[in-house]
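Below is the file protein.txt, which contains compact mmCIF, C-alpha atoms.
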# COMPACT_ATOMS: atom_id res chain seq x y z
CA MET A 1 166.40 -18.03 45.91
CA SER A 2 168.41 -14.92 46.81
CA GLU A 3 170.39 -13.04 44.19
CA GLN A 4 173.53 -14.07 46.09
CA ALA A 5 172.59 -17.77 46.00
CA ARG A 6 171.90 -17.47 42.31
CA LYS A 7 175.33 -16.02 41.70
CA ARG A 8 176.95 -18.73 43.76
CA LEU A 9 175.26 -21.31 41.56
CA GLY A 10 176.49 -19.47 38.50
CA ARG A 11 172.95 -18.87 37.25
CA PRO A 12 171.89 -15.64 35.58
CA PRO A 13 169.06 -13.70 37.26
CA ALA A 14 165.63 -15.12 36.39
CA SER A 15 164.47 -12.11 34.37
CA ALA A 16 167.43 -12.35 32.01
CA ASN A 17 166.74 -15.98 31.25
CA GLN A 18 163.03 -16.61 31.46
CA ARG A 19 163.27 -18.68 28.28
CA GLY A 20 165.86 -20.94 29.89
CA ARG A 21 163.74 -21.34 33.03
CA ILE A 22 160.77 -22.39 30.91
CA LEU A 23 162.90 -25.04 29.20
CA GLU A 24 164.23 -26.32 32.52
CA THR A 25 160.77 -26.56 34.06
CA ALA A 26 159.27 -28.13 30.95
CA ALA A 27 162.01 -30.77 30.94
CA LEU A 28 161.10 -31.70 34.51
CA VAL A 29 157.38 -31.86 33.64
CA PHE A 30 157.96 -33.92 30.45
CA ALA A 31 160.37 -36.31 32.12
CA ARG A 32 158.07 -36.90 35.10
CA SER A 33 154.67 -37.09 33.42
CA GLY A 34 155.58 -37.97 29.85
CA PHE A 35 155.29 -35.60 26.91
CA GLU A 36 151.84 -36.79 25.79
CA GLN A 37 150.39 -36.40 29.27
CA SER A 38 151.79 -32.89 29.79
CA ASN A 39 150.59 -29.53 28.55
CA ILE A 40 151.53 -25.85 28.65
CA THR A 41 149.28 -25.38 31.71
CA ASP A 42 151.33 -27.93 33.69
CA ILE A 43 154.50 -26.02 32.87
CA SER A 44 153.04 -22.59 33.69
CA GLU A 45 151.55 -23.87 36.97
CA GLN A 46 154.84 -25.44 37.97
CA MET A 47 156.51 -22.04 37.37
CA GLY A 48 153.73 -20.01 38.94
CA ILE A 49 153.27 -17.88 35.81
CA SER A 50 150.48 -17.50 33.24
CA LYS A 51 150.24 -19.60 30.09
CA GLY A 52 150.80 -16.34 28.16
CA GLY A 53 154.20 -16.10 29.82
CA ILE A 54 155.15 -19.28 28.00
CA TYR A 55 153.44 -18.54 24.68
CA HIS A 56 155.45 -15.32 24.62
CA TYR A 57 158.52 -17.47 23.95
CA PHE A 58 157.17 -20.68 22.39
CA LYS A 59 154.36 -21.41 19.94
CA SER A 60 153.55 -24.87 21.29
CA LYS A 61 154.47 -27.65 23.69
CA GLN A 62 156.22 -29.42 20.82
CA GLU A 63 158.36 -26.35 20.12
CA VAL A 64 159.41 -26.32 23.78
CA TYR A 65 160.38 -29.98 23.58
CA ASP A 66 162.31 -29.55 20.32
CA GLU A 67 164.26 -26.70 21.88
CA ILE A 68 165.11 -28.76 25.00
CA ILE A 69 166.56 -31.49 22.77
CA VAL A 70 168.65 -29.20 20.58
CA GLN A 71 169.86 -27.05 23.46
CA THR A 72 170.84 -30.08 25.57
CA LEU A 73 172.79 -31.67 22.73
CA ARG A 74 174.52 -28.38 21.94
CA GLY A 75 175.33 -27.79 25.61
CA LEU A 76 176.63 -31.33 26.08
CA HIS A 77 179.05 -31.12 23.18
CA ALA A 78 180.31 -27.65 24.13
CA TYR A 79 180.84 -28.74 27.74
CA VAL A 80 182.86 -31.84 26.83
CA ASP A 81 184.75 -30.04 24.06
CA ALA A 82 185.84 -27.22 26.40
CA ALA A 83 187.15 -29.72 28.97
CA LEU A 84 189.23 -31.45 26.29
CA ALA A 85 190.98 -28.29 25.11
CA ASP A 86 194.11 -28.86 27.18
CA VAL A 87 194.17 -32.66 27.24
CA HIS A 88 196.34 -34.26 24.60
CA ASP A 89 196.95 -37.91 25.38
CA PRO A 90 194.18 -39.97 23.75
CA ALA A 91 193.75 -42.24 26.79
CA ASP A 92 193.33 -39.17 29.02
CA ARG A 93 190.99 -37.60 26.47
CA PHE A 94 188.86 -40.76 26.53
CA VAL A 95 188.48 -40.61 30.33
CA VAL A 96 187.77 -36.86 30.30
CA PHE A 97 185.15 -37.32 27.57
CA MET A 98 183.30 -39.91 29.64
CA ILE A 99 183.54 -37.98 32.91
CA LYS A 100 182.47 -34.66 31.44
CA HIS A 101 179.60 -36.24 29.48
CA ALA A 102 178.35 -37.79 32.73
CA GLU A 103 178.84 -34.56 34.65
CA TYR A 104 176.80 -32.62 32.09
CA PHE A 105 174.10 -35.29 32.36
CA GLU A 106 173.91 -34.91 36.14
CA ARG A 107 173.93 -31.10 36.02
CA ASN A 108 171.19 -31.04 33.41
CA TYR A 109 169.40 -34.13 34.64
CA TRP A 110 165.80 -33.47 33.56
CA SER A 111 166.72 -31.92 30.22
CA PHE A 112 168.98 -34.85 29.49
CA ILE A 113 166.25 -37.39 30.33
CA ALA A 114 163.77 -35.44 28.20
CA MET A 115 166.31 -35.22 25.36
CA LEU A 116 166.96 -38.96 25.32
CA SER A 117 163.31 -39.92 25.43
CA GLY A 118 162.13 -37.26 22.99
CA PHE A 119 164.87 -37.55 20.40
CA ARG A 120 162.91 -39.67 17.97
CA SER A 121 159.71 -37.65 18.10
CA ILE A 122 161.01 -34.21 17.12
CA SER A 123 158.30 -32.58 15.01
CA SER A 124 160.11 -30.22 12.67
CA PRO A 125 162.33 -31.82 10.02
CA ALA A 126 164.82 -28.93 10.29
CA THR A 127 165.14 -29.46 14.05
CA GLN A 128 165.40 -33.19 13.55
CA GLU A 129 168.25 -32.63 11.12
CA GLU A 130 169.98 -30.27 13.53
CA ALA A 131 169.62 -32.69 16.43
CA ILE A 132 171.05 -35.56 14.40
CA ALA A 133 173.97 -33.38 13.27
CA LEU A 134 174.68 -32.34 16.87
CA ARG A 135 174.59 -35.92 18.12
CA GLU A 136 176.78 -37.04 15.23
CA ARG A 137 179.34 -34.31 15.98
CA HIS A 138 179.56 -35.44 19.59
CA GLU A 139 179.89 -39.14 18.71
CA HIS A 140 182.43 -38.30 16.02
CA MET A 141 184.60 -36.51 18.57
CA LEU A 142 184.67 -39.68 20.68
CA ARG A 143 185.43 -41.96 17.71
CA ARG A 144 188.23 -39.60 16.76
CA ILE A 145 189.74 -39.84 20.25
CA ILE A 146 189.68 -43.63 20.00
CA ALA A 147 191.13 -43.66 16.49
CA ASP A 148 193.96 -41.37 17.67
CA GLY A 149 194.55 -43.70 20.60
CA VAL A 150 194.86 -46.64 18.22
CA ALA A 151 197.18 -44.70 15.90
CA GLN A 152 199.40 -43.65 18.82
CA ARG A 153 199.44 -47.19 20.26
CA ARG A 154 197.69 -46.12 23.47
CA PHE A 155 194.76 -48.39 22.51
CA ARG A 156 194.90 -51.72 20.75
CA ALA A 157 193.43 -51.94 17.25
CA VAL A 158 189.77 -51.72 18.25
CA ASP A 159 187.04 -50.50 15.91
CA PRO A 160 186.38 -46.89 16.99
CA SER A 161 182.69 -47.28 16.11
CA VAL A 162 182.21 -50.29 18.38
CA ALA A 163 184.25 -48.85 21.25
CA GLY A 164 182.65 -45.42 20.92
CA ARG A 165 179.16 -46.90 20.86
CA ALA A 166 180.04 -48.96 23.93
CA ALA A 167 181.21 -45.90 25.87
CA LEU A 168 178.10 -43.93 24.93
CA SER A 169 175.83 -46.88 25.79
CA LEU A 170 177.27 -46.97 29.31
CA LEU A 171 176.78 -43.22 29.67
CA ASN A 172 173.32 -43.04 28.18
CA TRP A 173 171.90 -46.05 29.99
CA MET A 174 172.69 -44.15 33.22
CA ALA A 175 169.61 -42.08 32.40
CA ARG A 176 167.62 -45.21 33.25
CA TRP A 177 169.01 -46.02 36.67
CA PHE A 178 171.16 -43.14 37.99
CA ARG A 179 169.58 -40.96 40.68
CA PRO A 180 171.14 -37.55 41.45
CA ASP A 181 170.65 -38.14 45.18
CA GLY A 182 172.44 -41.52 45.09
CA PRO A 183 175.74 -42.41 46.79
CA GLN A 184 178.01 -41.75 43.77
CA SER A 185 178.19 -38.83 41.38
CA ALA A 186 177.67 -39.50 37.68
CA ALA A 187 181.28 -38.43 37.10
CA GLU A 188 182.56 -41.04 39.57
CA ILE A 189 180.56 -43.76 37.86
CA ALA A 190 181.85 -42.64 34.46
CA ARG A 191 185.42 -42.88 35.76
CA GLU A 192 184.81 -46.48 36.87
CA TYR A 193 183.37 -47.29 33.45
CA ALA A 194 186.29 -45.65 31.65
CA ASP A 195 188.76 -47.67 33.75
CA LEU A 196 186.85 -50.86 33.04
CA LEU A 197 186.80 -50.19 29.30
CA PHE A 198 190.47 -49.23 29.29
CA VAL A 199 191.90 -52.14 31.28
CA GLY A 200 189.23 -54.80 30.64
CA LEU A 201 188.05 -57.66 32.82
CA ARG A 202 190.81 -60.10 31.97
CA HIS A 203 193.20 -61.13 34.68
CA PRO A 204 196.82 -60.29 33.68
CA ASP A 205 197.74 -64.00 34.05
CA ALA A 206 194.76 -65.25 32.01
CA PRO A 207 195.21 -66.26 28.37
CA GLU A 208 193.82 -63.89 25.68
CA MET B 1 151.58 -68.70 7.44
CA SER B 2 151.32 -72.41 6.64
CA GLU B 3 151.34 -75.04 9.37
CA GLN B 4 154.65 -76.23 7.94
CA ALA B 5 156.23 -72.77 8.08
CA ARG B 6 155.03 -72.41 11.65
CA LYS B 7 156.69 -75.67 12.62
CA ARG B 8 159.90 -74.64 10.91
CA LEU B 9 159.92 -71.46 12.98
CA GLY B 10 159.32 -73.53 16.08
CA ARG B 11 156.04 -71.78 16.84
CA PRO B 12 153.00 -73.58 18.19
CA PRO B 13 149.82 -73.48 16.06
CA ALA B 14 147.89 -70.24 16.55
CA SER B 15 144.87 -71.82 18.24
CA ALA B 16 146.96 -73.39 20.97
CA ASN B 17 148.52 -70.10 21.90
CA GLN B 18 146.05 -67.29 21.27
CA ARG B 19 147.10 -65.71 24.56
CA GLY B 20 150.72 -65.62 23.40
CA ARG B 21 149.71 -64.13 20.05
CA ILE B 22 147.81 -61.36 21.80
CA LEU B 23 150.87 -60.53 23.90
CA GLU B 24 153.12 -60.50 20.83
CA THR B 25 150.80 -58.23 18.86
CA ALA B 26 150.21 -55.94 21.83
CA ALA B 27 153.96 -55.57 22.32
CA LEU B 28 154.28 -54.44 18.69
CA VAL B 29 151.41 -51.97 19.09
CA PHE B 30 152.71 -50.56 22.42
CA ALA B 31 156.28 -50.27 21.19
CA ARG B 32 155.25 -48.50 17.98
CA SER B 33 152.54 -46.18 19.19
CA GLY B 34 153.31 -45.89 22.88
CA PHE B 35 151.23 -47.42 25.67
CA GLU B 36 149.16 -44.30 26.37
CA GLN B 37 148.24 -43.87 22.72
CA SER B 38 147.21 -47.52 22.23
CA ASN B 39 144.03 -49.33 23.16
CA ILE B 40 142.51 -52.81 23.01
CA THR B 41 140.87 -51.91 19.67
CA ASP B 42 144.29 -51.27 18.09
CA ILE B 43 145.45 -54.70 19.22
CA SER B 44 142.30 -56.52 18.06
CA GLU B 45 142.35 -54.74 14.68
CA GLN B 46 146.02 -55.59 14.19
CA MET B 47 145.12 -59.25 14.84
CA GLY B 48 141.90 -59.19 12.84
CA ILE B 49 139.83 -60.43 15.79
CA SER B 50 137.11 -58.89 17.94
CA LYS B 51 137.81 -56.96 21.15
CA GLY B 52 135.99 -59.76 22.98
CA GLY B 53 138.68 -62.15 21.78
CA ILE B 54 141.16 -60.16 23.83
CA TYR B 55 138.95 -59.52 26.85
CA HIS B 56 138.50 -63.29 27.04
CA TYR B 57 142.13 -63.49 28.18
CA PHE B 58 142.85 -60.08 29.71
CA LYS B 59 140.82 -57.63 31.79
CA SER B 60 142.52 -54.49 30.52
CA LYS B 61 145.25 -52.99 28.38
CA GLN B 62 147.33 -52.56 31.53
CA GLU B 63 146.99 -56.26 32.36
CA VAL B 64 148.26 -57.11 28.86
CA TYR B 65 151.24 -54.82 29.35
CA ASP B 66 152.05 -56.21 32.81
CA GLU B 67 151.99 -59.73 31.40
CA ILE B 68 154.34 -58.79 28.51
CA ILE B 69 156.85 -57.45 31.02
CA VAL B 70 156.76 -60.43 33.36
CA GLN B 71 156.74 -63.00 30.56
CA THR B 72 159.64 -61.34 28.75
CA LEU B 73 161.77 -61.17 31.90
CA ARG B 74 160.95 -64.79 32.76
CA GLY B 75 161.70 -65.93 29.19
CA LEU B 76 164.96 -63.98 29.06
CA HIS B 77 166.31 -65.52 32.23
CA ALA B 78 165.25 -69.06 31.31
CA TYR B 79 166.81 -68.71 27.84
CA VAL B 80 170.18 -67.50 29.15
CA ASP B 81 170.16 -69.94 32.06
CA ALA B 82 169.55 -72.93 29.76
CA ALA B 83 172.45 -71.92 27.50
CA LEU B 84 174.78 -71.73 30.49
CA ALA B 85 174.01 -75.26 31.75
CA ASP B 86 177.07 -76.84 30.11
CA VAL B 87 179.47 -73.90 30.24
CA HIS B 88 181.80 -73.87 33.22
CA ASP B 89 184.65 -71.45 32.69
CA PRO B 90 183.57 -68.03 34.05
CA ALA B 91 185.06 -66.14 31.09
CA ASP B 92 183.11 -68.37 28.69
CA ARG B 93 179.99 -68.02 30.82
CA PHE B 94 180.32 -64.24 30.64
CA VAL B 95 180.44 -64.31 26.82
CA VAL B 96 177.56 -66.78 26.59
CA PHE B 97 175.46 -64.67 28.97
CA MET B 98 175.91 -61.59 26.79
CA ILE B 99 175.33 -63.41 23.48
CA LYS B 100 172.22 -65.25 24.66
CA HIS B 101 170.75 -62.17 26.30
CA ALA B 102 171.18 -60.32 22.99
CA GLU B 103 169.79 -63.24 21.01
CA TYR B 104 166.67 -63.35 23.17
CA PHE B 105 166.28 -59.61 22.70
CA GLU B 106 166.41 -59.95 18.91
CA ARG B 107 164.02 -62.94 18.84
CA ASN B 108 161.53 -61.16 21.06
CA TYR B 109 162.25 -57.69 19.75
CA TRP B 110 158.90 -55.92 20.33
CA SER B 111 158.23 -57.55 23.69
CA PHE B 112 161.70 -56.63 24.84
CA ILE B 113 161.27 -52.99 23.77
CA ALA B 114 157.87 -52.88 25.47
CA MET B 115 159.32 -54.49 28.59
CA LEU B 116 162.15 -51.98 28.88
CA SER B 117 159.93 -48.96 28.34
CA GLY B 118 157.06 -50.18 30.50
CA PHE B 119 159.03 -51.54 33.42
CA ARG B 120 158.51 -48.55 35.68
CA SER B 121 154.79 -48.14 35.04
CA ILE B 122 153.54 -51.59 36.01
CA SER B 123 150.16 -51.08 37.67
CA SER B 124 149.78 -53.93 40.12
CA PRO B 125 152.15 -53.94 43.12
CA ALA B 126 152.31 -57.75 43.04
CA THR B 127 153.36 -57.73 39.38
CA GLN B 128 155.82 -54.94 40.09
CA GLU B 129 157.36 -57.04 42.82
CA GLU B 130 157.54 -60.08 40.58
CA ALA B 131 159.15 -58.10 37.75
CA ILE B 132 161.76 -56.64 40.07
CA ALA B 133 162.52 -60.12 41.48
CA LEU B 134 162.90 -61.55 37.95
CA ARG B 135 165.21 -58.76 36.89
CA GLU B 136 167.20 -59.10 40.08
CA ARG B 137 167.58 -62.87 39.56
CA HIS B 138 168.94 -62.28 36.05
CA GLU B 139 171.36 -59.57 37.14
CA HIS B 140 172.45 -61.67 40.10
CA MET B 141 173.35 -64.54 37.77
CA LEU B 142 175.65 -62.20 35.83
CA ARG B 143 177.26 -60.76 38.97
CA ARG B 144 177.84 -64.30 40.18
CA ILE B 145 179.61 -65.21 36.92
CA ILE B 146 181.89 -62.19 37.34
CA ALA B 147 182.58 -62.92 41.03
CA ASP B 148 183.47 -66.52 40.10
CA GLY B 149 185.77 -65.20 37.38
CA VAL B 150 187.53 -62.98 39.91
CA ALA B 151 187.82 -65.84 42.43
CA GLN B 152 189.25 -68.17 39.76
CA ARG B 153 191.68 -65.49 38.52
CA ARG B 154 190.09 -65.38 35.07
CA PHE B 155 189.11 -61.74 35.73
CA ARG B 156 191.06 -59.16 37.64
CA ALA B 157 189.60 -57.91 40.92
CA VAL B 158 186.76 -55.85 39.45
CA ASP B 159 183.59 -55.00 41.35
CA PRO B 160 180.96 -57.46 40.03
CA SER B 161 178.25 -54.82 40.45
CA VAL B 162 180.04 -52.28 38.28
CA ALA B 163 181.11 -54.80 35.63
CA GLY B 164 177.68 -56.47 35.58
CA ARG B 165 175.90 -53.15 35.25
CA ALA B 166 178.27 -52.22 32.43
CA ALA B 167 177.52 -55.44 30.51
CA LEU B 168 173.77 -54.99 30.95
CA SER B 169 173.96 -51.32 29.94
CA LEU B 170 175.59 -52.30 26.66
CA LEU B 171 172.92 -54.94 26.06
CA ASN B 172 169.95 -52.87 27.08
CA TRP B 173 170.96 -49.73 25.23
CA MET B 174 170.81 -51.83 22.06
CA ALA B 175 167.03 -51.50 22.37
CA ARG B 176 167.55 -47.86 21.43
CA TRP B 177 169.58 -48.24 18.25
CA PHE B 178 169.62 -51.89 17.08
CA ARG B 179 167.39 -52.75 14.12
CA PRO B 180 166.59 -56.42 13.40
CA ASP B 181 167.07 -55.80 9.65
CA GLY B 182 170.54 -54.27 10.13
CA PRO B 183 173.86 -55.70 8.92
CA GLN B 184 174.80 -57.50 12.18
CA SER B 185 172.81 -59.78 14.45
CA ALA B 186 172.34 -58.77 18.08
CA ALA B 187 174.40 -61.82 19.08
CA GLU B 188 177.34 -60.69 16.90
CA ILE B 189 177.25 -57.25 18.48
CA ALA B 190 177.12 -58.78 21.96
CA ARG B 191 180.19 -60.86 21.15
CA GLU B 192 182.09 -57.70 20.12
CA TYR B 193 181.04 -56.03 23.36
CA ALA B 194 182.05 -59.05 25.46
CA ASP B 195 185.49 -59.09 23.79
CA LEU B 196 185.89 -55.38 24.39
CA LEU B 197 184.95 -55.72 28.06
CA PHE B 198 187.20 -58.74 28.50
CA VAL B 199 190.35 -57.44 26.85
CA GLY B 200 189.88 -53.67 27.26
CA LEU B 201 191.02 -50.82 25.07
CA ARG B 202 194.57 -50.57 26.39
CA HIS B 203 197.42 -51.37 24.06
CA PRO B 204 199.54 -54.23 25.48
CA ASP B 205 202.60 -51.95 25.41
CA ALA B 206 200.83 -49.04 27.11
CA PRO B 207 201.37 -48.36 30.83
CA GLU B 208 198.50 -49.26 33.21

In structure tokens, what does this structure look like?
Amino acid sequence: MSEQARKRLGRPPASANQRGRILETAALVFARSGFEQSNITDISEQMGISKGGIYHYFKSKQEVYDEIIVQTLRGLHAYVDAALADVHDPADRFVVFMIKHAEYFERNYWSFIAMLSGFRSISSPATQEEAIALRERHEHMLRRIIADGVAQRRFRAVDPSVAGRAALSLLNWMARWFRPDGPQSAAEIAREYADLLFVGLRHPDAPE
Amino acid sequence: MSEQARKRLGRPPASANQRGRILETAALVFARSGFEQSNITDISEQMGISKGGIYHYFKSKQEVYDEIIVQTLRGLHAYVDAALADVHDPADRFVVFMIKHAEYFERNYWSFIAMLSGFRSISSPATQEEAIALRERHEHMLRRIIADGVAQRRFRAVDPSVAGRAALSLLNWMARWFRPDGPQSAAEIAREYADLLFVGLRHPDAPE
């Protein structure tokens, strides 16, 4: 890839972010072959570098995986949070949350897949704790949006835990069927889901 | 377990259904340890029988896994289909579909988990085809319920594919967080989800 193409894609030059490239490649390898079936050699071969080039940054395959999980969760929350900065109506915030979560998923497809499938097998207790805290912070932001919507009579009196879990289930299950080369973007699908959750299935003439 | 207890639980005596017991135990082993990390010895030890007692019914670990997937999908569809026999209103059928799907999941917890995680790695092309056809039949039943609901003005003019995928996403993602010893049954959670999807989040006074 030319330096110009890199800039267009908003990516830093490779040398400045070798660590990030390792994580990206490892996520692809883990997601495709499974963590157990992959090793550092697979990652280095995929990148065309030596194994030493990876051990310079990471002690083990597990450390690479742990870092993918934490970095993806941190990136996801920051991405959604930034998009919400200027959105104030809770119903709008709910839609933006879902769209931006899906957009981050599509842009970081392999890391996201690896994060979801590796979440429960993080090796270090400190990393596990950090990952749980990051996930909790993200889910809490969504529950807060729903609670505000209820308080401001934009939403009916739903349980923010149930509604928040529903929204995240729709988004996360996309990891199982969504393909980046498919006809719709993840953000478009998320918008359809947000509309469905907001308005519901019921026909306006149908009884409650 | 006594013969009496078995009858109370509606299970056939062990001898009559050794094949079924193998599948049940294997599902537990695969779901807990992962397919790659498990072998026939783990299953036989968990059952307290010899490896030969498993090879009598199945040629390989992969054949066991394939059979879990197909049997679970077949059982799921039959269970939901039977419950729908006397339900005619599309909105009621939608709720019953979700509740019964969740109930089957909880009653066949380990097989369901194994089915969802193994679906894409079925070895035999014929079994793969069968599994896809079974899943498609189940999803088609749900889309049909939604299309009928739209036609009968019980649901607004939603896209049955989007709404059906949403309902199944909510149900299937439960495999990731639901615990059978938790405070709510899977059926109760499915009812909450069905209500949420039917009525939506929007406050009745809020603009569309």

Counting all atoms listed in the file, which residues of chain B sit at most 9 Å from some atom of chain A, and what is each one's closest atom pair with its distance in Å to one decimal, listed by chain and rising residue number, as CSV?
residue,atom,partner,partner_atom,distance
B:Glu36,CA,A:Glu36,CA,8.0
B:Gln37,CA,A:Glu36,CA,8.5
B:Ala91,CA,A:Arg202,CA,8.4
B:Ile146,CA,A:Leu201,CA,8.9
B:Gly149,CA,A:His203,CA,8.9
B:Val150,CA,A:His203,CA,7.9
B:Arg153,CA,A:His203,CA,6.0
B:Arg154,CA,A:His203,CA,5.3
B:Phe155,CA,A:His203,CA,4.3
B:Arg156,CA,A:His203,CA,4.1
B:Ala157,CA,A:His203,CA,7.9
B:Val158,CA,A:Leu201,CA,7.0
B:Val162,CA,A:Glu192,CA,7.6
B:Ala163,CA,A:Leu196,CA,7.4
B:Arg165,CA,A:Leu170,CA,8.7
B:Ala166,CA,A:Leu170,CA,6.2
B:Ala167,CA,A:Leu170,CA,8.6
B:Leu168,CA,A:Leu170,CA,8.9
B:Ser169,CA,A:Leu170,CA,5.5
B:Leu170,CA,A:Ser169,CA,5.5
B:Leu171,CA,A:Ser169,CA,8.6
B:Asn172,CA,A:Trp173,CA,7.7
B:Trp173,CA,A:Ser169,CA,5.7
B:Met174,CA,A:Ser169,CA,8.0
B:Ile189,CA,A:Val162,CA,8.5
B:Glu192,CA,A:Val162,CA,7.6
B:Tyr193,CA,A:Ala166,CA,7.2
B:Asp195,CA,A:Gly200,CA,8.9
B:Leu196,CA,A:Gly200,CA,7.1
B:Leu197,CA,A:Gly200,CA,5.1
B:Phe198,CA,A:Leu201,CA,4.5
B:Val199,CA,A:Gly200,CA,4.8
B:Gly200,CA,A:Gly200,CA,3.6
B:Leu201,CA,A:Phe198,CA,4.5
B:Arg202,CA,A:Phe155,CA,4.5
B:His203,CA,A:Arg156,CA,4.2
B:Pro204,CA,A:Arg156,CA,7.1
B:Asp205,CA,A:Arg153,CA,7.7
B:Ala206,CA,A:Arg154,CA,5.6
B:Pro207,CA,A:Arg154,CA,8.5
B:Glu208,CA,A:Val199,CA,7.5

May I have the selected residues written with C-alpha atoms, as an mmCIF file, in the coordinates of the input?
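So the final result, stored in result_37.cif, reads:
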data_model
loop_
_atom_site.group_PDB
_atom_site.id
_atom_site.type_symbol
_atom_site.label_atom_id
_atom_site.label_comp_id
_atom_site.auth_asym_id
_atom_site.auth_seq_id
_atom_site.Cartn_x
_atom_site.Cartn_y
_atom_site.Cartn_z
ATOM 1 C CA GLU B 36 149.160 -44.300 26.370
ATOM 2 C CA GLN B 37 148.240 -43.870 22.720
ATOM 3 C CA ALA B 91 185.060 -66.140 31.090
ATOM 4 C CA ILE B 146 181.890 -62.190 37.340
ATOM 5 C CA GLY B 149 185.770 -65.200 37.380
ATOM 6 C CA VAL B 150 187.530 -62.980 39.910
ATOM 7 C CA ARG B 153 191.680 -65.490 38.520
ATOM 8 C CA ARG B 154 190.090 -65.380 35.070
ATOM 9 C CA PHE B 155 189.110 -61.740 35.730
ATOM 10 C CA ARG B 156 191.060 -59.160 37.640
ATOM 11 C CA ALA B 157 189.600 -57.910 40.920
ATOM 12 C CA VAL B 158 186.760 -55.850 39.450
ATOM 13 C CA VAL B 162 180.040 -52.280 38.280
ATOM 14 C CA ALA B 163 181.110 -54.800 35.630
ATOM 15 C CA ARG B 165 175.900 -53.150 35.250
ATOM 16 C CA ALA B 166 178.270 -52.220 32.430
ATOM 17 C CA ALA B 167 177.520 -55.440 30.510
ATOM 18 C CA LEU B 168 173.770 -54.990 30.950
ATOM 19 C CA SER B 169 173.960 -51.320 29.940
ATOM 20 C CA LEU B 170 175.590 -52.300 26.660
ATOM 21 C CA LEU B 171 172.920 -54.940 26.060
ATOM 22 C CA ASN B 172 169.950 -52.870 27.080
ATOM 23 C CA TRP B 173 170.960 -49.730 25.230
ATOM 24 C CA MET B 174 170.810 -51.830 22.060
ATOM 25 C CA ILE B 189 177.250 -57.250 18.480
ATOM 26 C CA GLU B 192 182.090 -57.700 20.120
ATOM 27 C CA TYR B 193 181.040 -56.030 23.360
ATOM 28 C CA ASP B 195 185.490 -59.090 23.790
ATOM 29 C CA LEU B 196 185.890 -55.380 24.390
ATOM 30 C CA LEU B 197 184.950 -55.720 28.060
ATOM 31 C CA PHE B 198 187.200 -58.740 28.500
ATOM 32 C CA VAL B 199 190.350 -57.440 26.850
ATOM 33 C CA GLY B 200 189.880 -53.670 27.260
ATOM 34 C CA LEU B 201 191.020 -50.820 25.070
ATOM 35 C CA ARG B 202 194.570 -50.570 26.390
ATOM 36 C CA HIS B 203 197.420 -51.370 24.060
ATOM 37 C CA PRO B 204 199.540 -54.230 25.480
ATOM 38 C CA ASP B 205 202.600 -51.950 25.410
ATOM 39 C CA ALA B 206 200.830 -49.040 27.110
ATOM 40 C CA PRO B 207 201.370 -48.360 30.830
ATOM 41 C CA GLU B 208 198.500 -49.260 33.210
#

Rounded to one decimal place, report the atom CA of B:Phe35-atom CA of A:Asn108 distance in Å. 27.0 Å

Closest of A:Ala78, A:Ala147, A:Ala26, A:Ala31 to A:Ser44, counting all atoms listed in the file, is A:Ala26

Just want the 9 Å neighbourhood of stretch 65-68 of chain B, counted on all atoms listed in the file, with same-chain residues fewer than 5 positions away dropped. Output as a PyMOL selection string. chain B and resi 23-24+26-27+30+35+60+73+111-112+114-115+118-119+121-124+127-128+131

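Separating atom CA of A:His77 from atom CA of A:Met141 is a distance of 9.0 Å.
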